[in-house]
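Chemist: For reference, this is work-v1.txt, and it has compact mmCIF, C-alpha atoms and all ligand atoms.
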```txt
# COMPACT_ATOMS: atom_id res chain seq x y z
CA MET J 11 15.64 39.80 -22.95
CA THR J 12 13.91 39.19 -19.63
CA ALA J 13 10.72 37.26 -19.14
CA SER J 14 7.48 38.91 -18.13
CA PRO J 15 7.36 39.48 -14.36
CA ASP J 16 4.61 36.87 -14.19
CA ILE J 17 6.87 34.29 -15.74
CA ARG J 18 9.46 32.95 -13.32
CA ASP J 19 12.89 31.96 -14.61
CA VAL J 20 12.89 28.82 -12.45
CA ILE J 21 10.25 26.96 -10.51
CA ILE J 22 11.30 23.99 -8.38
CA LEU J 23 8.83 21.29 -7.42
CA GLY J 24 9.62 19.63 -4.11
CA SER J 25 11.34 20.51 -0.84
CA GLY J 26 13.46 17.40 -0.22
CA PRO J 27 17.27 17.41 -0.50
CA ALA J 28 17.10 17.69 -4.32
CA GLY J 29 14.65 20.59 -4.48
CA LEU J 30 16.21 22.59 -1.65
CA THR J 31 19.73 22.17 -3.05
CA ALA J 32 18.50 23.27 -6.47
CA ALA J 33 16.93 26.31 -4.75
CA THR J 34 20.23 27.27 -3.09
CA TYR J 35 22.16 27.00 -6.35
CA ALA J 36 19.52 28.77 -8.43
CA ALA J 37 19.20 31.57 -5.86
CA ARG J 38 22.96 32.05 -5.77
CA ALA J 39 22.85 32.35 -9.58
CA ASN J 40 20.34 35.19 -9.07
CA LEU J 41 17.56 33.30 -10.85
CA LYS J 42 15.07 34.12 -8.05
CA PRO J 43 13.71 30.59 -7.90
CA LEU J 44 10.31 29.76 -6.50
CA LEU J 45 10.15 26.43 -4.67
CA ILE J 46 6.84 24.68 -4.07
CA TYR J 47 6.92 22.57 -0.92
CA GLY J 48 4.39 19.86 -1.78
CA GLN J 49 2.50 18.00 0.91
CA GLN J 50 5.64 16.76 2.64
CA PRO J 51 7.80 19.83 3.42
CA GLY J 52 11.39 18.64 3.81
CA GLY J 53 10.68 15.37 1.98
CA GLN J 54 11.33 11.80 3.08
CA LEU J 55 14.08 12.58 5.59
CA THR J 56 11.51 14.20 7.84
CA THR J 57 10.12 10.70 8.47
CA THR J 58 13.32 9.37 9.97
CA THR J 59 15.55 10.01 12.98
CA THR J 60 19.30 10.32 12.76
CA ILE J 61 21.00 10.59 9.38
CA GLU J 62 24.42 9.05 9.80
CA ASN J 63 25.77 9.18 6.28
CA PHE J 64 25.29 12.80 5.23
CA PRO J 65 28.78 14.30 4.83
CA GLY J 66 29.71 17.09 7.22
CA PHE J 67 27.91 15.64 10.23
CA PRO J 68 30.29 13.10 11.76
CA GLU J 69 28.05 12.59 14.78
CA GLY J 70 24.91 12.25 12.61
CA ILE J 71 22.07 14.74 12.41
CA ASP J 72 18.32 14.52 12.92
CA GLY J 73 16.47 14.30 9.58
CA ASN J 74 14.17 17.23 10.33
CA GLU J 75 17.03 19.42 11.49
CA LEU J 76 19.04 18.61 8.38
CA MET J 77 16.17 19.66 6.15
CA GLN J 78 15.60 22.87 8.13
CA ARG J 79 19.25 23.69 7.52
CA PHE J 80 18.86 23.01 3.79
CA GLU J 81 15.91 25.40 3.72
CA ALA J 82 17.63 28.11 5.75
CA GLN J 83 20.55 28.02 3.32
CA ALA J 84 18.27 28.46 0.29
CA GLN J 85 16.41 31.26 2.10
CA ARG J 86 19.66 33.05 2.88
CA PHE J 87 20.28 33.50 -0.85
CA GLY J 88 16.77 34.73 -1.59
CA ALA J 89 14.84 31.67 -2.79
CA ALA J 90 11.08 32.11 -2.51
CA PHE J 91 8.83 29.39 -1.08
CA LEU J 92 5.21 28.51 -1.64
CA GLN J 93 3.04 26.10 0.37
CA GLY J 94 0.97 23.72 -1.71
CA GLN J 95 0.86 20.80 -4.05
CA VAL J 96 1.04 21.11 -7.82
CA THR J 97 -2.00 19.38 -9.28
CA ARG J 98 -1.40 19.82 -13.00
CA VAL J 99 1.47 20.73 -15.31
CA GLU J 100 1.80 21.54 -18.99
CA VAL J 101 5.30 21.37 -20.37
CA GLY J 102 4.53 20.77 -24.06
CA CYS J 103 5.43 24.38 -24.84
CA CYS J 104 6.90 27.27 -22.92
CA PRO J 105 6.29 29.15 -20.71
CA PHE J 106 5.62 25.97 -18.78
CA ARG J 107 2.41 26.15 -16.79
CA LEU J 108 1.65 24.74 -13.36
CA TRP J 109 -1.52 24.69 -11.33
CA LEU J 110 -1.99 24.55 -7.58
CA GLY J 111 -5.71 23.95 -7.60
CA GLU J 112 -7.14 27.06 -9.28
CA ASP J 113 -3.92 29.09 -9.09
CA GLN J 114 -1.68 29.09 -12.12
CA LEU J 115 2.05 29.77 -12.35
CA SER J 116 4.37 30.04 -15.35
CA CYS J 117 8.09 29.55 -15.77
CA ARG J 118 10.82 29.36 -18.38
CA SER J 119 12.58 26.45 -16.75
CA LEU J 120 11.31 23.81 -14.38
CA ILE J 121 13.16 21.58 -11.94
CA ILE J 122 11.22 18.50 -10.91
CA ALA J 123 12.28 17.12 -7.53
CA THR J 124 9.04 15.47 -6.45
CA GLY J 125 10.83 12.46 -4.95
CA ALA J 126 9.08 9.26 -4.04
CA SER J 127 6.23 7.94 -1.89
CA PRO J 128 5.92 4.71 0.08
CA ARG J 129 4.81 1.57 -1.76
CA MET J 130 1.89 -0.34 -0.30
CA LEU J 131 1.30 -4.11 -0.24
CA GLY J 132 -1.87 -3.99 -2.31
CA LEU J 133 -3.95 -5.88 0.26
CA PRO J 134 -7.67 -5.10 0.14
CA ASN J 135 -8.04 -3.57 3.61
CA GLU J 136 -4.67 -1.81 3.96
CA TRP J 137 -6.14 1.66 3.36
CA ASP J 138 -9.11 0.98 5.67
CA LEU J 139 -6.65 0.17 8.44
CA TYR J 140 -4.20 2.93 7.54
CA GLY J 141 -3.74 5.02 10.69
CA ARG J 142 -5.50 2.27 12.65
CA GLY J 143 -2.46 0.06 13.03
CA VAL J 144 -1.13 0.18 9.48
CA SER J 145 1.71 2.69 9.08
CA VAL J 146 4.50 3.58 6.67
CA CYS J 147 6.48 5.67 9.15
CA ALA J 148 7.95 4.25 12.34
CA THR J 149 9.37 7.62 13.37
CA CYS J 150 5.94 9.18 13.12
CA ASP J 151 3.90 6.40 14.73
CA GLY J 152 6.30 4.23 16.76
CA PHE J 153 5.44 6.10 19.94
CA PHE J 154 1.91 4.61 19.90
CA TYR J 155 3.27 1.06 20.24
CA ARG J 156 4.77 1.16 23.71
CA ASP J 157 4.89 -2.42 25.08
CA LYS J 158 3.00 -3.70 22.05
CA GLU J 159 3.77 -6.24 19.34
CA VAL J 160 4.49 -4.97 15.85
CA VAL J 161 5.28 -6.49 12.49
CA ILE J 162 7.36 -4.80 9.83
CA VAL J 163 7.55 -5.96 6.25
CA GLY J 164 10.58 -5.42 4.01
CA GLY J 165 14.28 -6.23 3.92
CA GLY J 166 15.89 -2.94 2.89
CA ASP J 167 17.56 -0.10 4.80
CA THR J 168 14.23 1.44 5.74
CA ALA J 169 12.85 -1.80 7.18
CA MET J 170 15.99 -2.47 9.23
CA GLU J 171 16.24 1.10 10.47
CA GLU J 172 12.57 1.18 11.40
CA ALA J 173 12.68 -2.25 13.06
CA SER J 174 15.54 -1.09 15.29
CA PHE J 175 13.78 2.19 16.01
CA LEU J 176 10.53 0.42 16.94
CA THR J 177 12.30 -1.63 19.64
CA ARG J 178 12.54 1.61 21.64
CA PHE J 179 8.80 1.28 22.20
CA ALA J 180 7.50 -2.13 21.21
CA ARG J 181 7.86 -5.31 23.25
CA GLN J 182 8.51 -7.42 20.18
CA VAL J 183 9.21 -6.61 16.53
CA THR J 184 8.81 -9.26 13.83
CA VAL J 185 10.38 -8.59 10.43
CA VAL J 186 8.63 -10.38 7.58
CA HIS J 187 10.79 -10.59 4.46
CA ARG J 188 10.09 -12.33 1.18
CA ARG J 189 13.60 -13.71 0.77
CA ASP J 190 16.18 -15.28 3.11
CA SER J 191 18.70 -12.46 2.80
CA LEU J 192 18.44 -8.76 3.41
CA ARG J 193 18.98 -5.95 0.94
CA ALA J 194 19.88 -3.51 3.72
CA SER J 195 23.45 -2.21 4.15
CA PRO J 196 25.68 -4.22 6.53
CA PRO J 197 25.65 -1.77 9.49
CA LEU J 198 21.84 -1.55 9.51
CA GLN J 199 21.50 -5.32 9.10
CA ARG J 200 23.91 -5.94 11.96
CA ARG J 201 22.09 -3.56 14.27
CA ALA J 202 18.77 -5.28 13.61
CA ARG J 203 20.11 -8.85 13.77
CA ASP J 204 21.88 -8.10 17.07
CA ASN J 205 18.73 -6.70 18.66
CA GLU J 206 17.11 -9.36 20.83
CA LYS J 207 13.67 -7.76 20.49
CA ILE J 208 13.70 -8.39 16.72
CA THR J 209 12.83 -11.73 15.15
CA PHE J 210 12.80 -12.55 11.44
CA ARG J 211 10.32 -14.53 9.38
CA TRP J 212 12.22 -15.37 6.22
CA ASN J 213 10.79 -16.32 2.81
CA SER J 214 7.44 -15.00 3.93
CA GLU J 215 4.83 -12.49 2.94
CA ILE J 216 1.81 -10.85 4.52
CA ALA J 217 -1.17 -12.74 3.13
CA ALA J 218 -3.78 -10.69 5.03
CA ILE J 219 -4.11 -7.96 7.61
CA LEU J 220 -6.45 -8.99 10.42
CA GLY J 221 -8.72 -6.48 12.10
CA ASP J 222 -11.34 -3.92 11.21
CA LYS J 223 -11.89 -0.16 11.18
CA THR J 224 -13.35 -0.14 14.69
CA GLY J 225 -10.79 -2.23 16.53
CA GLY J 226 -7.80 -1.54 14.27
CA VAL J 227 -5.13 -4.11 13.43
CA THR J 228 -5.24 -7.26 15.57
CA GLY J 229 -2.80 -9.41 13.64
CA VAL J 230 -1.41 -10.51 10.31
CA ARG J 231 -1.61 -13.74 8.34
CA ILE J 232 1.87 -14.77 7.25
CA ARG J 233 2.40 -17.03 4.27
CA ASN J 234 5.59 -19.04 3.99
CA LEU J 235 6.60 -18.75 0.34
CA GLU J 236 8.51 -22.05 0.36
CA ASN J 237 5.66 -24.30 1.47
CA ALA J 238 2.59 -21.99 1.14
CA ARG J 239 1.67 -22.62 4.80
CA GLU J 240 -0.09 -19.77 6.55
CA ASP J 241 -0.27 -18.85 10.21
CA ASP J 242 -1.73 -15.93 12.11
CA LEU J 243 0.45 -13.73 14.27
CA ALA J 244 -1.27 -11.43 16.76
CA CYS J 245 0.06 -7.86 16.64
CA ASP J 246 -1.05 -4.27 17.21
CA GLY J 247 0.69 -2.64 14.30
CA LEU J 248 1.93 -3.38 10.78
CA PHE J 249 4.67 -1.17 9.40
CA ILE J 250 5.10 -1.34 5.64
CA ALA J 251 8.67 -0.61 4.48
CA ILE J 252 8.88 -2.11 0.99
CA GLY J 253 10.35 0.83 -0.88
CA HIS J 254 8.98 3.80 -2.72
CA HIS J 255 7.54 4.67 -6.11
CA PRO J 256 8.47 7.90 -7.90
CA ASN J 257 5.98 10.79 -7.78
CA THR J 258 5.56 11.20 -11.52
CA GLU J 259 1.81 10.84 -12.07
CA LEU J 260 1.61 14.54 -13.02
CA PHE J 261 3.99 14.13 -15.92
CA LYS J 262 2.52 11.02 -17.58
CA GLY J 263 2.22 11.47 -21.33
CA GLN J 264 4.47 14.55 -21.23
CA LEU J 265 7.87 13.39 -19.99
CA ASP J 266 9.74 10.18 -20.76
CA MET J 267 9.64 7.59 -17.96
CA ASP J 268 11.01 4.10 -17.48
CA LYS J 269 8.71 1.14 -16.84
CA GLU J 270 8.67 1.83 -13.09
CA GLY J 271 7.69 5.46 -13.64
CA PHE J 272 11.07 7.10 -12.92
CA LEU J 273 11.70 10.16 -15.09
CA VAL J 274 14.33 9.42 -17.70
CA THR J 275 17.17 11.94 -17.72
CA ARG J 276 20.01 12.28 -20.17
CA ASN J 277 23.08 14.52 -20.15
CA PHE J 278 22.82 14.58 -16.30
CA THR J 279 19.44 16.09 -15.40
CA GLU J 280 17.80 16.95 -18.74
CA THR J 281 14.41 15.44 -19.52
CA ASN J 282 13.08 15.04 -23.06
CA ILE J 283 11.73 18.61 -22.92
CA PRO J 284 14.38 21.37 -23.15
CA GLY J 285 14.16 23.54 -20.05
CA VAL J 286 12.66 20.81 -17.86
CA PHE J 287 15.15 19.15 -15.51
CA ALA J 288 14.71 16.35 -12.98
CA ALA J 289 16.70 15.68 -9.81
CA GLY J 290 16.69 13.30 -6.86
CA ASP J 291 14.67 10.14 -6.28
CA VAL J 292 12.14 11.03 -8.97
CA GLN J 293 14.76 10.15 -11.61
CA ASP J 294 16.95 7.74 -9.66
CA PRO J 295 16.04 4.05 -9.47
CA HIS J 296 19.59 3.18 -8.34
CA PHE J 297 20.97 5.15 -5.39
CA ARG J 298 18.12 7.03 -3.70
CA GLN J 299 20.25 8.71 -1.07
CA ALA J 300 20.06 12.20 0.39
CA ILE J 301 23.52 13.08 -0.86
CA THR J 302 22.87 11.88 -4.42
CA ALA J 303 19.53 13.73 -4.44
CA ALA J 304 21.29 16.90 -3.28
CA GLY J 305 24.01 16.38 -5.91
CA THR J 306 21.56 16.08 -8.77
CA GLY J 307 19.63 19.07 -7.38
CA ALA J 308 22.80 21.14 -7.74
CA MET J 309 23.33 19.83 -11.28
CA ALA J 310 19.74 20.62 -12.29
CA ALA J 311 20.08 24.22 -11.10
CA LEU J 312 23.39 24.67 -12.92
CA GLN J 313 21.92 23.19 -16.09
CA ALA J 314 18.82 25.40 -15.79
CA GLN J 315 21.13 28.41 -15.41
CA ARG J 316 23.03 27.48 -18.60
CA TYR J 317 19.80 26.83 -20.48
CA LEU J 318 18.45 30.27 -19.55
CA GLU J 319 21.75 31.95 -20.45
CA GLU J 320 21.68 30.37 -23.92
CA LEU J 321 18.11 31.51 -24.46
CA ASN J 322 19.01 35.04 -23.37
CA ASP J 323 21.98 35.08 -25.77
CA ARG J 324 19.57 34.24 -28.57
CA GLN J 325 16.96 36.72 -27.33
CA LYS J 326 14.46 33.92 -26.87
CA LEU J 327 11.82 33.49 -24.20
CA CYS J 328 12.19 29.72 -24.28
CA ALA J 329 13.06 26.82 -26.56
CA ARG J 330 9.58 26.06 -27.84
CA GLN J 331 7.20 28.90 -27.23
CA CYS J 332 3.46 28.29 -26.91
CA VAL J 333 1.37 29.73 -29.73
CA GLN J 334 -0.48 32.75 -28.36
CA SER J 335 -4.26 32.32 -28.55
P1 LIG J 401 11.97 13.61 -1.35
O1 LIG J 401 12.77 13.67 -0.12
O2 LIG J 401 11.06 12.44 -1.59
O3 LIG J 401 11.12 14.96 -1.47
C1 LIG J 401 10.14 15.09 -2.47
C2 LIG J 401 9.47 16.43 -2.31
O4 LIG J 401 8.58 16.63 -3.41
C3 LIG J 401 8.62 16.57 -1.05
O5 LIG J 401 8.89 17.80 -0.44
C4 LIG J 401 7.17 16.55 -1.57
O6 LIG J 401 6.31 17.33 -0.76
C5 LIG J 401 7.38 17.20 -2.94
N1 LIG J 401 6.32 16.89 -3.90
C6 LIG J 401 5.82 15.69 -4.29
N2 LIG J 401 4.81 15.86 -5.17
C7 LIG J 401 4.68 17.21 -5.35
C8 LIG J 401 3.82 18.01 -6.14
N3 LIG J 401 2.88 17.49 -6.91
N4 LIG J 401 3.95 19.36 -6.06
C9 LIG J 401 4.91 19.91 -5.29
N5 LIG J 401 5.77 19.20 -4.54
C10 LIG J 401 5.65 17.86 -4.57
N6 LIG J 401 19.00 8.62 2.58
C11 LIG J 401 20.23 8.79 3.10
O7 LIG J 401 21.13 9.22 2.39
N7 LIG J 401 20.48 8.55 4.41
C12 LIG J 401 19.53 8.11 5.27
O8 LIG J 401 19.81 7.88 6.45
C13 LIG J 401 18.23 7.91 4.76
N8 LIG J 401 17.25 7.50 5.57
C14 LIG J 401 15.99 7.33 5.06
C15 LIG J 401 14.99 6.91 5.93
C16 LIG J 401 13.72 6.70 5.45
C17 LIG J 401 12.63 6.24 6.39
C18 LIG J 401 13.43 6.93 4.08
C19 LIG J 401 12.02 6.74 3.56
C20 LIG J 401 14.42 7.36 3.22
C21 LIG J 401 15.72 7.54 3.70
N9 LIG J 401 16.76 7.96 2.87
C22 LIG J 401 18.00 8.17 3.39
C23 LIG J 401 16.52 8.25 1.43
C24 LIG J 401 16.33 9.79 1.26
O9 LIG J 401 15.35 10.24 2.16
C25 LIG J 401 15.92 10.12 -0.17
O10 LIG J 401 16.88 9.60 -1.07
C26 LIG J 401 15.83 11.64 -0.38
O11 LIG J 401 14.94 12.23 0.55
C27 LIG J 401 15.34 11.97 -1.79
O12 LIG J 401 15.26 13.35 -1.89
P2 LIG J 401 14.36 14.08 -3.00
O13 LIG J 401 14.57 15.52 -2.79
O14 LIG J 401 14.63 13.49 -4.32
O15 LIG J 401 12.86 13.65 -2.66
P1 LIG J 402 14.43 -0.78 -1.04
O1 LIG J 402 15.91 -0.71 -0.89
O2 LIG J 402 13.85 -0.74 -2.40
O3 LIG J 402 13.97 -2.12 -0.30
C1 LIG J 402 12.64 -2.54 -0.34
C2 LIG J 402 12.50 -3.87 0.39
O4 LIG J 402 11.13 -4.26 0.37
C3 LIG J 402 13.32 -4.97 -0.26
O5 LIG J 402 13.86 -5.82 0.72
C4 LIG J 402 12.26 -5.70 -1.10
O6 LIG J 402 12.52 -7.08 -1.19
C5 LIG J 402 11.01 -5.51 -0.29
N1 LIG J 402 9.81 -5.48 -1.12
C6 LIG J 402 9.59 -4.73 -2.24
N2 LIG J 402 8.36 -4.91 -2.71
C7 LIG J 402 7.77 -5.80 -1.88
C8 LIG J 402 6.48 -6.37 -1.84
N3 LIG J 402 5.53 -6.07 -2.74
N4 LIG J 402 6.22 -7.25 -0.85
C9 LIG J 402 7.15 -7.54 0.08
N5 LIG J 402 8.38 -7.01 0.11
C10 LIG J 402 8.69 -6.15 -0.87
O7 LIG J 402 13.71 0.41 -0.24
P2 LIG J 402 14.10 1.16 1.13
O8 LIG J 402 14.55 0.22 2.16
O9 LIG J 402 12.95 2.07 1.44
O10 LIG J 402 15.32 2.07 0.70
C11 LIG J 402 15.15 3.04 -0.37
C12 LIG J 402 16.41 3.86 -0.54
O11 LIG J 402 16.59 4.71 0.60
C13 LIG J 402 17.64 2.98 -0.64
O12 LIG J 402 18.50 3.54 -1.59
C14 LIG J 402 18.24 3.05 0.72
O13 LIG J 402 19.65 2.85 0.72
C15 LIG J 402 17.85 4.46 1.18
N6 LIG J 402 17.80 4.49 2.64
C16 LIG J 402 18.98 4.66 3.29
C17 LIG J 402 18.99 4.62 4.66
C18 LIG J 402 20.29 4.82 5.36
O14 LIG J 402 21.30 4.97 4.70
N7 LIG J 402 20.34 4.87 6.67
C19 LIG J 402 17.82 4.40 5.39
C20 LIG J 402 16.65 4.17 4.68
C21 LIG J 402 16.65 4.22 3.30
P3 LIG J 402 13.77 -7.64 -2.04
O15 LIG J 402 14.97 -7.39 -1.18
O16 LIG J 402 13.43 -9.08 -2.20
O17 LIG J 402 13.76 -6.89 -3.33
```
What would you get if you wrote out this structure as structure tokens?
Ligand code: FAD
Ligand code: NAP

Modeler:
Amino acid sequence: MTASPDIRDVIILGSGPAGLTAATYAARANLKPLLIYGQQPGGQLTTTTTIENFPGFPEGIDGNELMQRFEAQAQRFGAAFLQGQVTRVEVGCCPFRLWLGEDQLSCRSLIIATGASPRMLGLPNEWDLYGRGVSVCATCDGFFYRDKEVVIVGGGDTAMEEASFLTRFARQVTVVHRRDSLRASPPLQRRARDNEKITFRWNSEIAAILGDKTGGVTGVRIRNLENAREDDLACDGLFIAIGHHPNTELFKGQLDMDKEGFLVTRNFTETNIPGVFAAGDVQDPHFRQAITAAGTGAMAALQAQRYLEELNDRQKLCARQCVQS
């Protein structure tokens, strides 16, 4: 039994390492997958410079170039691509339905690889000053801070990598971190600590962003968490690098999530709905690496393939078919 031509065997949401790897595997299995890019084609790695830990590239590779290669590989095997952002999904019964604005798509199996988006500090004016000195992407915006002073908040890999990157442009980079030790991996820590343009403010948080919409960021108020003392530091930019939250808003009430909103998977990439699989950062609170995202993308495609084969053996369209109205 084959599905109606309007019903795709596999739709993949997201064009990061997880989604594009799933597309390559699904295309090679002749499932004619359709991948929807989302608003960040190529995913998070397009916001960084050199990727040094992706196997097969001993000299490192630029994040954008790596993702272009992922896409070219999926294209070579016949994956189809669609620009746009999915705004609504219904996975309660099958065929699963997706909307991109007014346009509707249907599929028998769905691979969710919608990744993660940057966390914000939650300060009242951070969105007013976003793009006016507040940034979440040093690679994108660092260029604007030549000979300027910038502050970066966070103590993970992203914060250390971005702090080091920003020293290419900025005169001085101050890292504000809420503890007195870093979460970042040793090589990234070392690079930042050894850089004389970088100074650290330990056990501290950003209490306020100074500035307004007209003049942009002029400084930050830093609160020492040990003694609650505050002081103002003049700066031209604030880079927020405090991690990411999973992009799962669309699936609330339909798919099981943990308390932080990560999709819960079992038996590798299965969600609580048969035929719906999740891969990459959207279901991974632990590793959040390009290689692990790619790995789970491959697993999701292989599991989708097996799921569809079992349905075909039983002459079924899908596991739980929607009642026709
Ligand atoms: P993402 O890369 O987040 O991609 C998600 C995709 O989903 C995007 O294409 C987005 O457009 C799409 N999407 C979202 N919502 C929708 C929707 N509603 N409809 C359709 N599509 C949607 N990892 C490493 O291993 N090495 C590194 O050096 C490294 N450097 C990093 C540097 C930075 C600055 C950051 C932020 C992360 C870095 N990481 C690194 C982590 C790595 O980028 C992630 O683990 C990886 O990108 C996760 O891949 P993903 O495919 O799960 O999701
Ligand atoms: P992360 O590892 O979750 O680190 C977030 C940092 O921000 C932590 O230091 C955390 O402090 C701090 N933080 C969180 N919430 C905060 C808040 N509200 N206020 C102030 N500080 C806050 O996130 P990440 O650095 O973006 O890394 C995400 C993943 O991508 C990781 O798996 C990482 O390895 C990967 N990555 C890898 C590379 C690389 O390999 N080159 C580069 C970038 C990212 P605490 O430490 O106190 O929790």

Chemist: Counting only C-alpha atoms and all ligand atoms, what are the residues, protein, DNA or RNA alike, that approach ligand LIG 401 (chain J) to within 6 Å? I want them as a PyMOL selection string.

Modeler: chain J and resi 23-29+46-55+57-58+61-63+95-97+123-126+168+257+290-292+298-301+303

Chemist: With C-alpha atoms retained, could you export that selection as a JSON list (two decimals), keeping the file's coordinate frame?

Modeler:
```json
[["chain", "number", "residue", "atom", "x", "y", "z"],
["J", 23, "LEU", "CA", 8.83, 21.29, -7.42],
["J", 24, "GLY", "CA", 9.62, 19.63, -4.11],
["J", 25, "SER", "CA", 11.34, 20.51, -0.84],
["J", 26, "GLY", "CA", 13.46, 17.40, -0.22],
["J", 27, "PRO", "CA", 17.27, 17.41, -0.50],
["J", 28, "ALA", "CA", 17.10, 17.69, -4.32],
["J", 29, "GLY", "CA", 14.65, 20.59, -4.48],
["J", 46, "ILE", "CA", 6.84, 24.68, -4.07],
["J", 47, "TYR", "CA", 6.92, 22.57, -0.92],
["J", 48, "GLY", "CA", 4.39, 19.86, -1.78],
["J", 49, "GLN", "CA", 2.50, 18.00, 0.91],
["J", 50, "GLN", "CA", 5.64, 16.76, 2.64],
["J", 51, "PRO", "CA", 7.80, 19.83, 3.42],
["J", 52, "GLY", "CA", 11.39, 18.64, 3.81],
["J", 53, "GLY", "CA", 10.68, 15.37, 1.98],
["J", 54, "GLN", "CA", 11.33, 11.80, 3.08],
["J", 55, "LEU", "CA", 14.08, 12.58, 5.59],
["J", 57, "THR", "CA", 10.12, 10.70, 8.47],
["J", 58, "THR", "CA", 13.32, 9.37, 9.97],
["J", 61, "ILE", "CA", 21.00, 10.59, 9.38],
["J", 62, "GLU", "CA", 24.42, 9.05, 9.80],
["J", 63, "ASN", "CA", 25.77, 9.18, 6.28],
["J", 95, "GLN", "CA", 0.86, 20.80, -4.05],
["J", 96, "VAL", "CA", 1.04, 21.11, -7.82],
["J", 97, "THR", "CA", -2.00, 19.38, -9.28],
["J", 123, "ALA", "CA", 12.28, 17.12, -7.53],
["J", 124, "THR", "CA", 9.04, 15.47, -6.45],
["J", 125, "GLY", "CA", 10.83, 12.46, -4.95],
["J", 126, "ALA", "CA", 9.08, 9.26, -4.04],
["J", 168, "THR", "CA", 14.23, 1.44, 5.74],
["J", 257, "ASN", "CA", 5.98, 10.79, -7.78],
["J", 290, "GLY", "CA", 16.69, 13.30, -6.86],
["J", 291, "ASP", "CA", 14.67, 10.14, -6.28],
["J", 292, "VAL", "CA", 12.14, 11.03, -8.97],
["J", 298, "ARG", "CA", 18.12, 7.03, -3.70],
["J", 299, "GLN", "CA", 20.25, 8.71, -1.07],
["J", 300, "ALA", "CA", 20.06, 12.20, 0.39],
["J", 301, "ILE", "CA", 23.52, 13.08, -0.86],
["J", 303, "ALA", "CA", 19.53, 13.73, -4.44]]
```

Chemist: Write out as a tab-separated table a residue-level contact list of chain J versus ligand LIG 402 (chain J) with cut-off 8 Å: for each qualifying residue the closest pair of atoms and the distance in Å to one decimal, counting only C-alpha atoms and all ligand atoms, rows sorted by chain and residue number upward.

Modeler:
```
residue	atom	partner	partner_atom	distance
J:Ile61	CA	J:LIG402	N7	6.4
J:Glu62	CA	J:LIG402	N7	6.6
J:Asn63	CA	J:LIG402	O14	6.3
J:Pro128	CA	J:LIG402	O9	7.6
J:Arg129	CA	J:LIG402	N2	7.4
J:Met130	CA	J:LIG402	N3	7.2
J:Leu131	CA	J:LIG402	N3	5.3
J:Gly132	CA	J:LIG402	N3	7.7
J:Val163	CA	J:LIG402	N5	6.3
J:Gly164	CA	J:LIG402	O4	3.9
J:Gly165	CA	J:LIG402	O5	3.3
J:Gly166	CA	J:LIG402	O8	3.5
J:Asp167	CA	J:LIG402	O8	4.0
J:Thr168	CA	J:LIG402	O8	3.8
J:Ala169	CA	J:LIG402	O8	5.7
J:Met170	CA	J:LIG402	O8	7.7
J:Glu171	CA	J:LIG402	C19	6.3
J:His187	CA	J:LIG402	N5	6.1
J:Arg188	CA	J:LIG402	N5	5.7
J:Arg189	CA	J:LIG402	O16	5.5
J:Ser191	CA	J:LIG402	O15	7.4
J:Leu192	CA	J:LIG402	O15	5.9
J:Arg193	CA	J:LIG402	O15	4.8
J:Ala194	CA	J:LIG402	O8	6.7
J:Ser195	CA	J:LIG402	O13	7.2
J:Leu198	CA	J:LIG402	N7	7.2
J:Glu215	CA	J:LIG402	C9	6.2
J:Ile216	CA	J:LIG402	C9	7.7
J:Ala251	CA	J:LIG402	O9	5.9
J:Ile252	CA	J:LIG402	O4	3.2
J:Gly253	CA	J:LIG402	O7	3.4
J:His254	CA	J:LIG402	O9	6.0
J:His296	CA	J:LIG402	O12	6.8
J:Phe297	CA	J:LIG402	O12	4.8
J:Arg298	CA	J:LIG402	O12	4.1
J:Gln299	CA	J:LIG402	C15	5.4
```

Chemist: Might you pull out every residue within 7 Å of J:Ala311, with all atoms listed in the file counted and same-chain residues fewer than 2 positions away left off, and present them as a list of chain:residue names?

Modeler: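 In the requested form, the answer reads J:Ala32, J:Tyr35, J:Ala36, J:Gly307, J:Ala308, J:Met309, J:Gln313, J:Ala314, J:Gln315.
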
Chemist: Quick one, how far is atom CA of J:Ile250 from atom CA of J:Cys150?

Modeler: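 Those two atoms sit 12.9 Å apart.
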
Chemist: Can you measure atom CA of J:Ser174 to atom CA of J:Asp72 for me? One decimal in Å is fine.

Modeler: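 Here the two named atoms are 16.0 Å from each other.
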
Chemist: So which one's closest to J:Val99, J:Arg330, J:Arg324, J:Arg276, J:Lys262? Using only C-alpha atoms, please.

Modeler: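 Smallest separation from J:Val99 among the options: J:Lys262.
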
Chemist: Could you list as a ChimeraX atom specification every residue that has an atom within 12 Å of (6.1, -4.7, 11.2), using the file's coordinates and counting all atoms listed in the file?

Modeler: /J:143-148,151-152,155,158-165,168-177,180,182-187,208-211,215-216,219,227,229-230,232,243-252

Chemist: With distances taken over all atoms listed in the file, which of J:Leu260, J:Asp138, J:Arg231, J:Gln293 is nearest to J:Leu110?

Modeler: J:Leu260

Chemist: Please determine, counting all atoms listed in the file, which residue among J:Ala39, J:Ala310, J:Ala218, J:Cys332 has the shortest atom-to-atom distance to J:Phe106.

Modeler: J:Cys332

Chemist: Between J:Thr281, J:Val333, J:Asp19, J:Lys223, which has the minimum distance to J:Asn135 (counting all atoms listed in the file)?

Modeler: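 Ranking J:Thr281, J:Val333, J:Asp19, J:Lys223 by distance to J:Asn135, first place goes to J:Lys223.
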